[in-house]
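S.K.: File start_37.cif below, mmCIF, C-alpha atoms:
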```
data_final
#
loop_
_atom_site.label_atom_id
_atom_site.label_comp_id
_atom_site.auth_asym_id
_atom_site.auth_seq_id
_atom_site.Cartn_x
_atom_site.Cartn_y
_atom_site.Cartn_z
CA MET A 1 -16.83 71.98 85.67
CA ARG A 2 -20.28 72.51 84.18
CA ILE A 3 -22.79 69.76 84.78
CA VAL A 4 -26.40 69.09 83.94
CA ASN A 5 -28.46 69.20 87.13
CA PRO A 6 -29.72 65.65 87.75
CA SER A 7 -32.56 66.91 89.95
CA PHE A 8 -33.88 69.47 87.46
CA GLY A 9 -37.57 69.33 86.60
CA LEU A 10 -40.30 71.66 85.45
CA MET A 11 -43.46 72.38 87.39
CA PRO A 12 -46.51 71.14 85.49
CA PRO A 13 -48.50 74.02 83.97
CA GLU A 14 -51.64 72.89 85.79
CA ALA A 15 -49.97 73.05 89.21
CA GLU A 16 -52.33 74.94 91.50
CA GLN A 17 -51.54 77.57 94.05
CA ILE A 18 -52.26 76.64 97.66
CA SER A 19 -54.58 78.98 99.49
CA THR A 20 -52.82 80.96 102.18
CA ARG A 21 -55.86 82.11 104.16
CA PRO A 22 -55.43 80.97 107.78
CA VAL A 23 -57.61 78.11 108.96
CA ASP A 24 -60.40 78.88 111.41
CA TRP A 25 -60.33 75.64 113.41
CA VAL A 26 -63.55 76.50 115.23
CA HIS A 27 -65.79 77.27 112.27
CA ASP A 28 -64.21 76.01 109.02
CA PRO A 29 -65.63 72.76 107.62
CA ILE A 30 -63.15 69.95 108.35
CA VAL A 31 -62.88 66.41 107.00
CA LEU A 32 -60.88 63.55 108.45
CA PHE A 33 -59.34 61.58 105.58
CA SER A 34 -58.12 58.03 106.18
CA ASN A 35 -55.59 56.25 103.96
CA SER A 36 -57.27 52.99 105.06
CA LYS A 37 -54.16 51.57 106.68
CA PRO A 38 -54.51 49.77 110.02
CA ASN A 39 -54.95 52.28 112.87
CA ALA A 40 -55.79 55.22 110.60
CA ARG A 41 -59.38 55.31 111.87
CA GLU A 42 -58.21 55.16 115.49
CA LEU A 43 -55.82 58.07 114.87
CA LEU A 44 -58.55 60.15 113.31
CA GLU A 45 -61.02 59.37 116.07
CA GLY A 46 -58.44 60.72 118.52
CA VAL A 47 -58.12 63.87 116.42
CA ARG A 48 -61.91 64.20 116.37
CA ASP A 49 -62.00 63.95 120.17
CA LYS A 50 -59.38 66.70 120.42
CA LEU A 51 -61.35 68.89 118.02
CA GLY A 52 -64.39 68.36 120.25
CA GLU A 53 -62.65 70.41 122.93
CA ILE A 54 -62.76 73.54 120.76
CA ARG A 55 -65.68 73.07 118.36
CA ASN A 56 -68.83 71.21 117.47
CA VAL A 57 -67.73 68.01 115.73
CA ASP A 58 -71.11 66.97 114.36
CA ASP A 59 -70.18 68.58 111.05
CA VAL A 60 -66.67 67.12 110.89
CA GLY A 61 -66.71 64.68 108.01
CA PHE A 62 -64.93 61.33 107.63
CA VAL A 63 -63.85 59.76 104.34
CA TYR A 64 -61.52 56.92 103.41
CA LYS A 65 -59.89 55.42 100.34
CA ASP A 66 -61.05 52.04 99.06
CA SER A 67 -57.49 50.73 99.02
CA ALA A 68 -54.51 51.65 101.16
CA SER A 69 -52.12 51.08 98.27
CA GLN A 70 -53.97 53.03 95.59
CA PRO A 71 -54.38 56.79 95.21
CA ALA A 72 -57.66 58.31 96.35
CA PRO A 73 -60.10 58.42 93.43
CA ALA A 74 -60.42 61.84 91.81
CA ALA A 75 -64.14 61.87 92.62
CA ILE A 76 -63.42 61.68 96.36
CA ILE A 77 -60.78 64.41 96.16
CA ASP A 78 -63.15 66.64 94.19
CA GLN A 79 -65.92 66.02 96.69
CA VAL A 80 -63.65 66.79 99.64
CA SER A 81 -62.15 69.91 98.09
CA GLY A 82 -65.57 71.24 97.19
CA LYS A 83 -67.15 70.64 100.58
CA TYR A 84 -64.41 71.22 103.13
CA ARG A 85 -61.81 73.87 103.87
CA VAL A 86 -59.42 71.55 105.75
CA ALA A 87 -58.58 67.87 105.28
CA LEU A 88 -56.65 66.13 108.03
CA LEU A 89 -54.94 63.04 106.66
CA ALA A 90 -54.14 60.00 108.76
CA LEU A 91 -51.23 57.97 107.49
CA GLY A 92 -51.74 54.95 109.71
CA ASP A 93 -49.60 51.84 109.49
CA MET B 1 -21.21 76.98 93.16
CA GLN B 2 -24.86 77.91 93.14
CA ASP B 3 -27.17 77.50 96.12
CA ASP B 4 -30.44 77.30 94.18
CA VAL B 5 -29.51 74.04 92.46
CA GLU B 6 -33.06 72.74 91.99
CA GLU B 7 -34.00 75.72 89.83
CA LEU B 8 -31.15 75.54 87.32
CA GLU B 9 -30.69 72.98 84.56
CA VAL B 10 -26.96 73.61 84.16
CA LEU B 11 -24.67 74.15 87.14
CA GLU B 12 -21.15 75.52 87.33
CA ILE B 13 -19.61 73.60 90.22
CA GLY B 14 -15.99 74.67 89.95
CA ASP B 15 -12.85 72.72 89.24
CA LEU B 16 -13.49 69.50 91.19
CA ASP B 17 -11.52 66.27 90.99
CA PHE B 18 -13.37 62.93 91.06
CA ASP B 19 -13.39 62.60 94.84
CA GLN B 20 -14.47 66.21 95.34
CA TRP B 21 -17.22 65.77 92.77
CA ASN B 22 -18.56 62.75 94.63
CA GLU B 23 -18.51 64.56 97.97
CA TYR B 24 -20.44 67.39 96.34
CA ALA B 25 -22.96 64.98 94.80
CA ILE B 26 -23.49 63.23 98.13
CA GLU B 27 -24.06 66.60 99.83
CA GLN B 28 -26.74 67.36 97.23
CA GLY B 29 -28.47 64.04 98.00
CA TRP B 30 -27.90 62.75 94.45
CA SER B 31 -26.19 59.47 95.32
CA ASP B 32 -27.50 56.00 96.10
CA GLY B 33 -24.44 55.60 98.31
CA MET B 34 -22.06 54.53 95.58
CA PRO B 35 -19.77 56.76 93.51
CA LEU B 36 -21.26 58.62 90.58
CA LEU B 37 -19.81 59.76 87.26
CA PRO B 38 -20.06 63.53 86.72
CA PRO B 39 -22.88 64.48 84.30
CA THR B 40 -20.91 67.01 82.31
CA GLU B 41 -22.64 68.76 79.44
CA THR B 42 -20.47 66.84 77.02
CA ALA B 43 -21.33 63.47 78.54
CA VAL B 44 -25.04 64.27 78.66
CA ALA B 45 -25.01 65.35 75.00
CA ARG B 46 -23.69 61.92 74.01
CA PHE B 47 -26.75 60.35 75.68
CA THR B 48 -29.40 62.67 74.32
CA ALA B 49 -27.96 62.15 70.83
CA VAL B 50 -29.05 58.49 70.89
CA SER B 51 -32.61 59.28 71.95
CA ARG B 52 -33.53 61.51 69.03
CA GLY B 53 -36.95 60.54 67.77
CA ASP B 54 -38.31 59.86 71.25
CA ASN B 55 -40.19 63.14 71.43
CA GLU B 56 -43.21 62.11 73.48
CA PRO B 57 -43.34 64.35 76.56
CA PHE B 58 -42.99 62.74 79.97
CA PRO B 59 -45.65 63.26 82.62
CA PRO B 60 -44.64 64.56 86.08
CA ILE B 61 -42.66 62.10 88.19
CA SER B 62 -44.01 61.31 91.65
CA PRO B 63 -43.70 62.07 94.45
CA ARG B 64 -42.17 65.48 93.64
CA ARG B 65 -44.46 65.88 90.63
CA VAL B 66 -42.06 67.68 88.32
CA ILE B 67 -41.65 67.09 84.59
CA PRO B 68 -38.17 65.85 83.65
CA THR B 69 -36.18 67.19 80.73
CA LEU B 70 -34.27 64.88 78.44
CA ASP B 71 -31.04 66.43 79.74
CA SER B 72 -31.87 65.85 83.41
CA LEU B 73 -32.83 62.25 82.66
CA ALA B 74 -29.60 61.73 80.76
CA ALA B 75 -27.63 63.26 83.64
CA ASN B 76 -28.85 60.45 85.88
CA ALA B 77 -27.97 57.81 83.30
CA VAL B 78 -24.48 59.29 83.04
CA MET B 79 -24.08 59.29 86.82
CA ALA B 80 -25.26 55.65 86.98
CA GLY B 81 -22.46 54.57 84.65
CA CYS B 82 -24.61 53.73 81.62
CA ARG B 83 -23.26 53.63 78.11
CA PRO B 84 -25.13 56.12 75.85
CA GLU B 85 -26.75 53.28 73.92
CA TYR B 86 -28.50 52.09 77.11
CA PHE B 87 -30.39 55.36 77.42
CA PRO B 88 -33.42 54.42 75.24
CA VAL B 89 -33.95 51.38 77.50
CA VAL B 90 -33.82 53.62 80.58
CA LEU B 91 -36.39 55.94 79.00
CA ALA B 92 -38.69 53.03 78.14
CA ALA B 93 -38.44 51.77 81.72
CA LEU B 94 -39.32 55.24 82.97
CA ARG B 95 -42.33 55.41 80.66
CA GLY B 96 -43.41 52.06 82.07
CA VAL B 97 -43.31 53.15 85.71
CA LEU B 98 -45.11 56.37 84.77
CA GLU B 99 -48.12 54.48 83.42
CA PRO B 100 -50.99 55.19 85.84
CA ASP B 101 -51.66 51.51 86.56
CA TYR B 102 -48.10 51.07 87.80
CA ASN B 103 -48.99 53.36 90.72
CA LEU B 104 -45.55 54.94 91.04
CA HIS B 105 -46.43 57.25 93.92
CA GLY B 106 -47.87 54.42 96.01
CA SER B 107 -44.98 52.10 95.21
CA LEU B 108 -42.37 54.72 96.17
CA ALA B 109 -44.06 56.00 99.31
CA THR B 110 -45.05 52.61 100.73
CA THR B 111 -43.42 50.89 103.70
CA HIS B 112 -43.16 47.76 101.50
CA PRO B 113 -39.64 47.08 100.13
CA CYS B 114 -40.59 47.22 96.45
CA ALA B 115 -38.43 48.55 93.62
CA PRO B 116 -38.86 48.69 89.86
CA VAL B 117 -38.13 45.27 88.38
CA ILE B 118 -36.98 45.73 84.78
CA MET B 119 -37.09 42.87 82.25
CA VAL B 120 -35.87 43.43 78.70
CA ASN B 121 -37.00 41.44 75.67
CA GLY B 122 -36.05 41.56 72.01
CA PRO B 123 -32.95 42.20 69.93
CA LEU B 124 -31.55 44.97 72.13
CA ARG B 125 -30.81 42.41 74.86
CA LYS B 126 -28.00 41.03 72.71
CA GLN B 127 -26.88 44.33 71.22
CA LEU B 128 -26.48 45.86 74.68
CA GLU B 129 -25.15 42.62 76.21
CA ILE B 130 -27.87 42.51 78.86
CA ASN B 131 -27.35 39.37 80.89
CA CYS B 132 -30.21 36.89 80.46
CA SER B 133 -28.32 33.79 81.60
CA SER B 134 -26.21 32.74 84.61
CA ASN B 135 -26.39 35.26 87.47
CA CYS B 136 -28.76 37.50 85.49
CA PHE B 137 -30.22 38.97 88.69
CA GLY B 138 -26.77 39.50 90.16
CA GLN B 139 -23.62 41.50 89.71
CA GLY B 140 -21.04 41.53 86.94
CA THR B 141 -22.81 42.98 83.88
CA ARG B 142 -22.63 46.69 83.15
CA ALA B 143 -25.96 46.94 81.32
CA ASN B 144 -27.95 45.14 84.04
CA ALA B 145 -26.26 47.09 86.81
CA THR B 146 -26.48 50.55 85.32
CA ILE B 147 -29.85 50.54 83.51
CA GLY B 148 -31.61 49.66 86.75
CA ARG B 149 -29.44 52.10 88.68
CA ALA B 150 -30.23 54.91 86.25
CA LEU B 151 -33.96 54.47 86.75
CA GLU B 152 -33.49 54.44 90.51
CA LEU B 153 -31.44 57.65 90.38
CA ILE B 154 -34.11 59.33 88.24
CA LEU B 155 -36.76 58.43 90.81
CA LEU B 156 -34.49 59.65 93.61
CA ASN B 157 -33.29 62.91 92.08
CA ILE B 158 -36.08 64.08 89.78
CA GLY B 159 -38.94 62.20 91.43
CA GLY B 160 -37.77 63.10 94.92
CA ALA B 161 -38.07 59.60 96.41
CA LYS B 162 -35.60 60.31 99.20
CA PRO B 163 -35.09 57.34 101.55
CA GLY B 164 -36.72 57.93 104.91
CA ILE B 165 -38.54 61.03 103.65
CA MET B 166 -40.73 60.23 100.66
CA ASP B 167 -39.46 56.67 100.22
CA ARG B 168 -40.90 55.27 103.45
CA SER B 169 -39.82 51.64 103.04
CA THR B 170 -39.44 50.02 106.45
CA GLN B 171 -36.33 48.03 105.52
CA GLY B 172 -35.78 48.74 101.83
CA SER B 173 -34.18 46.15 99.61
CA PRO B 174 -31.03 45.57 97.55
CA ALA B 175 -33.29 45.79 94.48
CA LYS B 176 -33.47 49.54 95.13
CA PHE B 177 -29.90 49.81 93.81
CA SER B 178 -30.74 48.07 90.52
CA PHE B 179 -32.90 45.17 89.35
CA CYS B 180 -32.63 44.66 85.60
CA PHE B 181 -32.32 41.49 83.54
CA GLY B 182 -33.23 40.08 80.15
CA GLU B 183 -35.47 37.16 79.32
CA ASN B 184 -33.48 34.16 78.11
CA GLU B 185 -35.54 33.90 74.93
CA GLU B 186 -33.01 31.58 73.30
CA GLU B 187 -33.50 28.91 75.98
CA SER B 188 -37.19 29.43 76.56
CA PRO B 189 -39.36 26.65 75.14
CA TRP B 190 -42.21 29.11 74.70
CA GLU B 191 -42.77 32.35 72.82
CA PRO B 192 -40.91 35.30 74.34
CA TYR B 193 -42.80 37.17 77.04
CA HIS B 194 -43.22 40.35 74.98
CA VAL B 195 -44.67 38.43 72.03
CA ARG B 196 -47.25 36.92 74.35
CA ARG B 197 -48.13 40.48 75.33
CA GLY B 198 -48.82 41.45 71.74
CA PHE B 199 -45.50 42.90 70.60
CA SER B 200 -43.55 41.76 67.56
CA ALA B 201 -40.58 39.43 68.10
CA SER B 202 -38.42 42.09 66.43
CA ASP B 203 -39.49 44.75 68.93
CA SER B 204 -37.32 45.47 71.93
CA VAL B 205 -39.58 45.82 74.93
CA VAL B 206 -39.04 46.81 78.54
CA THR B 207 -41.39 45.36 81.15
CA VAL B 208 -41.56 46.85 84.64
CA MET B 209 -43.21 45.76 87.86
CA SER B 210 -42.94 47.18 91.33
CA GLY B 211 -41.55 44.13 93.08
CA GLU B 212 -39.41 42.56 95.74
CA PRO B 213 -36.02 41.02 95.05
CA PRO B 214 -36.20 37.49 93.62
CA HIS B 215 -37.14 34.67 95.98
CA ASN B 216 -35.28 31.53 95.03
CA ILE B 217 -37.18 28.31 94.27
CA ASN B 218 -34.79 25.39 94.52
CA ASP B 219 -35.90 22.02 93.16
CA HIS B 220 -33.09 19.66 92.21
CA ALA B 221 -34.97 16.42 92.79
CA SER B 222 -38.18 16.79 90.81
CA PHE B 223 -37.93 15.64 87.24
CA SER B 224 -41.61 16.02 86.44
CA ALA B 225 -43.89 18.97 85.86
CA GLU B 226 -46.02 17.75 88.74
CA GLY B 227 -43.08 17.84 91.12
CA ILE B 228 -41.79 21.22 89.99
CA LEU B 229 -45.25 22.79 90.11
CA THR B 230 -45.69 21.51 93.66
CA THR B 231 -42.43 23.14 94.78
CA ILE B 232 -43.12 26.38 92.93
CA SER B 233 -46.65 26.71 94.26
CA GLN B 234 -45.74 25.97 97.86
CA SER B 235 -42.85 28.43 97.67
CA ILE B 236 -45.23 31.17 96.50
CA ALA B 237 -47.95 30.50 99.07
CA GLN B 238 -46.55 32.69 101.85
CA PRO B 239 -48.74 34.35 104.50
CA GLY B 240 -46.30 37.24 105.02
CA SER B 241 -46.55 38.55 101.46
CA ASN B 242 -48.27 41.72 100.24
CA LEU B 243 -49.99 39.41 97.78
CA MET B 244 -52.13 38.12 100.64
CA TYR B 245 -54.40 41.08 99.91
CA GLY B 246 -55.13 39.34 96.62
CA LYS B 247 -54.88 42.42 94.45
CA GLY B 248 -51.57 42.29 92.64
CA PRO B 249 -49.60 40.44 90.00
CA PHE B 250 -46.36 38.55 90.44
CA MET B 251 -43.58 37.24 88.22
CA LEU B 252 -42.53 33.62 88.00
CA VAL B 253 -39.11 33.51 86.36
CA LEU B 254 -38.34 29.92 85.46
CA GLY B 255 -34.78 28.74 85.11
CA PRO B 256 -34.27 27.11 81.70
CA GLU B 257 -33.99 23.59 83.19
CA HIS B 258 -37.27 23.84 85.08
CA ALA B 259 -38.85 25.38 81.98
CA ALA B 260 -37.62 22.50 79.80
CA THR B 261 -39.17 19.92 82.14
CA LEU B 262 -42.50 21.74 82.24
CA LYS B 263 -42.53 21.98 78.44
CA ARG B 264 -41.49 18.32 78.02
CA ASP B 265 -44.48 17.31 80.11
CA GLY B 266 -46.76 19.25 77.82
CA LEU B 267 -47.45 22.46 79.72
CA SER B 268 -48.12 25.71 77.95
CA ILE B 269 -47.71 29.09 79.64
CA GLY B 270 -51.48 29.18 80.14
CA ASP B 271 -51.35 25.76 81.79
CA ILE B 272 -48.62 26.92 84.18
CA GLN B 273 -50.59 30.06 85.08
CA GLN B 274 -53.70 28.00 85.75
CA GLU B 275 -51.88 25.33 87.77
CA VAL B 276 -50.00 27.82 89.92
CA PHE B 277 -53.12 29.89 90.49
CA GLN B 278 -54.99 26.83 91.71
CA ARG B 279 -52.16 25.45 93.85
CA ALA B 280 -50.42 28.51 95.34
CA ARG B 281 -52.91 29.16 98.12
CA VAL B 282 -52.49 29.83 101.81
CA HIS B 283 -54.50 27.81 104.31
CA VAL B 284 -56.25 29.82 107.03
CA SER B 285 -54.30 27.90 109.68
CA ARG B 286 -51.17 29.79 108.49
CA VAL B 287 -52.82 33.20 108.82
CA SER B 288 -53.13 34.96 112.17
CA LYS B 289 -56.59 35.76 113.48
CA GLU B 290 -55.70 39.47 113.41
CA ASN B 291 -54.76 39.28 109.75
CA GLN B 292 -57.91 37.33 108.95
CA ARG B 293 -59.91 40.19 110.50
CA GLU B 294 -57.84 42.72 108.54
CA TYR B 295 -58.51 40.94 105.25
CA ALA B 296 -62.20 40.56 106.06
CA GLY B 297 -62.34 44.34 106.65
CA ALA B 298 -61.15 44.71 103.06
CA ASP B 299 -63.84 42.26 101.84
CA ARG B 300 -61.28 39.55 101.36
CA PHE B 301 -62.24 36.08 102.48
CA PRO B 302 -60.77 32.59 102.00
CA GLU B 303 -62.28 30.19 99.48
CA ASN B 304 -62.77 26.75 101.05
CA ASP B 305 -60.33 27.78 103.82
CA TYR B 306 -57.63 28.94 101.40
CA TYR B 307 -56.57 32.46 100.41
CA THR B 308 -55.59 33.05 96.79
CA VAL B 309 -52.46 35.15 96.16
CA CYS B 310 -53.56 37.05 93.05
CA PRO B 311 -56.81 37.96 91.33
CA GLY B 312 -56.51 35.37 88.54
CA PRO B 313 -54.17 33.19 86.43
CA GLU B 314 -53.49 36.07 84.04
CA ASP B 315 -51.83 37.98 86.91
CA ILE B 316 -49.04 35.40 87.00
CA HIS B 317 -46.37 36.67 84.60
CA VAL B 318 -44.20 33.78 83.47
CA ALA B 319 -40.79 34.32 81.88
CA VAL B 320 -37.58 32.32 81.48
CA ALA B 321 -34.19 33.60 82.64
CA GLY B 322 -30.97 32.29 84.10
CA GLY B 323 -28.42 29.68 83.19
CA PRO B 324 -27.71 26.04 84.04
CA GLY B 325 -29.06 24.78 87.34
CA LYS B 326 -32.36 23.76 88.86
CA HIS B 327 -33.49 27.07 90.28
CA SER B 328 -36.34 29.39 89.46
CA ALA B 329 -37.52 32.60 91.08
CA TYR B 330 -40.70 34.11 92.37
CA ILE B 331 -40.90 37.93 92.36
CA PRO B 332 -43.84 39.22 94.40
CA SER B 333 -45.17 42.64 93.51
CA PHE B 334 -46.09 45.54 95.76
CA GLY B 335 -49.70 44.48 95.28
CA GLY B 336 -51.37 47.71 94.21
CA THR B 337 -49.56 47.82 90.91
CA ALA B 338 -49.59 46.47 87.36
CA VAL B 339 -47.00 44.93 85.06
CA CYS B 340 -46.39 47.46 82.28
CA SER B 341 -44.57 46.84 78.98
CA VAL B 342 -43.20 49.58 76.72
CA ARG B 343 -41.55 49.29 73.32
CA VAL B 344 -38.08 50.82 73.24
CA SER B 345 -37.94 53.81 70.93
CA GLN B 346 -34.98 53.30 68.61
CA PRO B 347 -32.78 56.20 67.49
CA ALA B 348 -34.12 57.93 64.38
#
```
Will you turn the file into structure tokens for me?

M.R.:
Amino acid sequence: MRIVNPSFGLMPPEAEQISTRPVDWVHDPIVLFSNSKPNARELLEGVRDKLGEIRNVDDVGFVYKDSASQPAPAAIIDQVSGKYRVALLALGD
Amino acid sequence: MQDDVEELEVLEIGDLDFDQWNEYAIEQGWSDGMPLLPPTETAVARFTAVSRGDNEPFPPISPRRVIPTLDSLAANAVMAGCRPEYFPVVLAALRGVLEPDYNLHGSLATTHPCAPVIMVNGPLRKQLEINCSSNCFGQGTRANATIGRALELILLNIGGAKPGIMDRSTQGSPAKFSFCFGENEEESPWEPYHVRRGFSASDSVVTVMSGEPPHNINDHASFSAEGILTTISQSIAQPGSNLMYGKGPFMLVLGPEHAATLKRDGLSIGDIQQEVFQRARVHVSRVSKENQREYAGADRFPENDYYTVCPGPEDIHVAVAGGPGKHSAYIPSFGGTAVCSVRVSQPA
């Protein structure tokens, strides 16, 4: 029996390649990104404390979405991708 | 059988009987838990034949972010048990949930139990025998059951909204199987919903909202608009709703008997929206201190000790559906979403 694949889809032409260079957790610029759900900030503060054991955390950034239910605005994503090498996302709830 | 099934549009799966086919489909993760019809090339071709003329490309479907083909969409409609002539309605519903304001990714990935609510207006309701009357939210009508199911299967299989993986709903809801009905335009005392949204009465229009299953509003004793509005408003004012964040729309689906009483007492749709907006409010005494702090953190505060449940009267979407009986329904939305209406593209 020949069937049409119900899960078939095409990758969008603008889909970007993900960088494969390893992360330098001690020196690379890092941002903590909250989805603005309850406890997301607390989770990220714990991550920041852990990072403090291996690096200076004064330059570790923190950003959050305006709304937990809405996607992050493109301007925030552009800002984060331009400024940081790593974004750690907290999916609190 | 091939192993790389996601990369191929047509699959040779061997000589399977119906039970074997369903076991195979379940192994692939294609099922909602119920049996599926096999999307053979022949069956799919019957569906795509009725959607000629609908050539507008589809954007990527979240959360997997891949672009569907007409054949892969039709395969899901076949599996759901649709008749070919339902397919344009399925496609219109998909275009609705893909509108950016609908926030498909958020509504699929959330812990909230929302699902696409599909309401159909216009002549196609009758042509396709979509149930608009008794038990319109329930079982027993092929169009209602399979149009909603087809959209759900598309979101599962092409969109990748796998339960427990990318669909993170804490408890889910029966509406995730199918939630499709038609407005009972013939028994509505007002203009049809789609006409109020700017479409022609002769257009067939699909309206979608990311919502919960219907919450019943029973009022057998009130024979006045005042009484019915009191019951409706107090049934909507619930502190455990996503609408407590005050950001989203909701649907108020009036049973024809409640609608007739409201009309008899002189209320327009605008009057009902205004009255419900003013009355459906939650007193702070019904909201925990922790939640009050949570809302305040999102710059949301009560007005005169009451929380509103939507941004404004225009966010209350009133329609008429159902049969005899003194019941109406309140359908809360996910919150961070919009009600989107799309004209059904008719075969060329």

S.K.: Taking all atoms listed in the file into account, which residues of chain A are within 7 Å of chain B, as a PyMOL selection string?

M.R.: chain A and resi 1-12+69-71

S.K.: What's around stretch 80-88 of chain A at 10 Å? Count all atoms listed in the file, leave out sequence neighbours fewer than 5 positions away in its own chain, and write the answer as an MDAnalysis selection string.

M.R.: chainID A and resid 19 23:25 27:34 44 47 60:63 74:75

S.K.: For the structure provided, state which residues fall under the PyMOL selection byres ((chain B and resi 245) around 9), and present them as a PyMOL selection string.

M.R.: chain B and resi 241-244+246-248+295+298+300+307-310+335

S.K.: Give as a ChimeraX atom specification the residues that the PyMOL selection byres ((chain B and resi 267) around 12) matches when applied to the coordinates above.

M.R.: /B:189-190,224-226,228-229,258-266,268-276

S.K.: Spell out the residues picked by the PyMOL selection byres ((chain B and resi 330) around 8) here, as a list in words.

M.R.: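 Against this file, the PyMOL selection byres ((chain B and resi 330) around 8) returns the residues Pro214, His215, Asn216, Ile217, Ile236, Phe250, Met251, Leu252, Val253, Ser328, Ala329, Ile331 and Pro332 of chain B.
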
S.K.: Between atom CA of A:Ser36 and atom CA of B:Ala175, what is the distance, to one decimal in Å?

M.R.: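 Computing it gives 27.2 Å between the two atoms.
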
S.K.: May I ask for the distance between atom CA of B:Pro174 and atom CA of B:Pro84, given in Å to one decimal place?

M.R.: 24.8 Å

S.K.: List the residues sitting within 12 Å of (-38.2, 45.5, 68.7) in the file's frame, using all atoms listed in the file, as a list in words.

M.R.: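 Those residues, ordered by chain and then number, are Val89, Val120, Asn121, Gly122, Pro123, Leu124, Arg125, Lys126, Gln127, Pro192, His194, Val195, Gly198, Phe199, Ser200, Ala201, Ser202, Asp203, Ser204, Val205, Val206, Val342, Arg343, Val344, Ser345 and Gln346 of chain B.
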
S.K.: For atom CA of B:Arg279 and atom CA of B:Glu187, determine how far apart the two atoms are, in Å to one decimal place.

M.R.: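 Straight-line distance from atom CA of B:Arg279 to atom CA of B:Glu187 works out to 26.1 Å.
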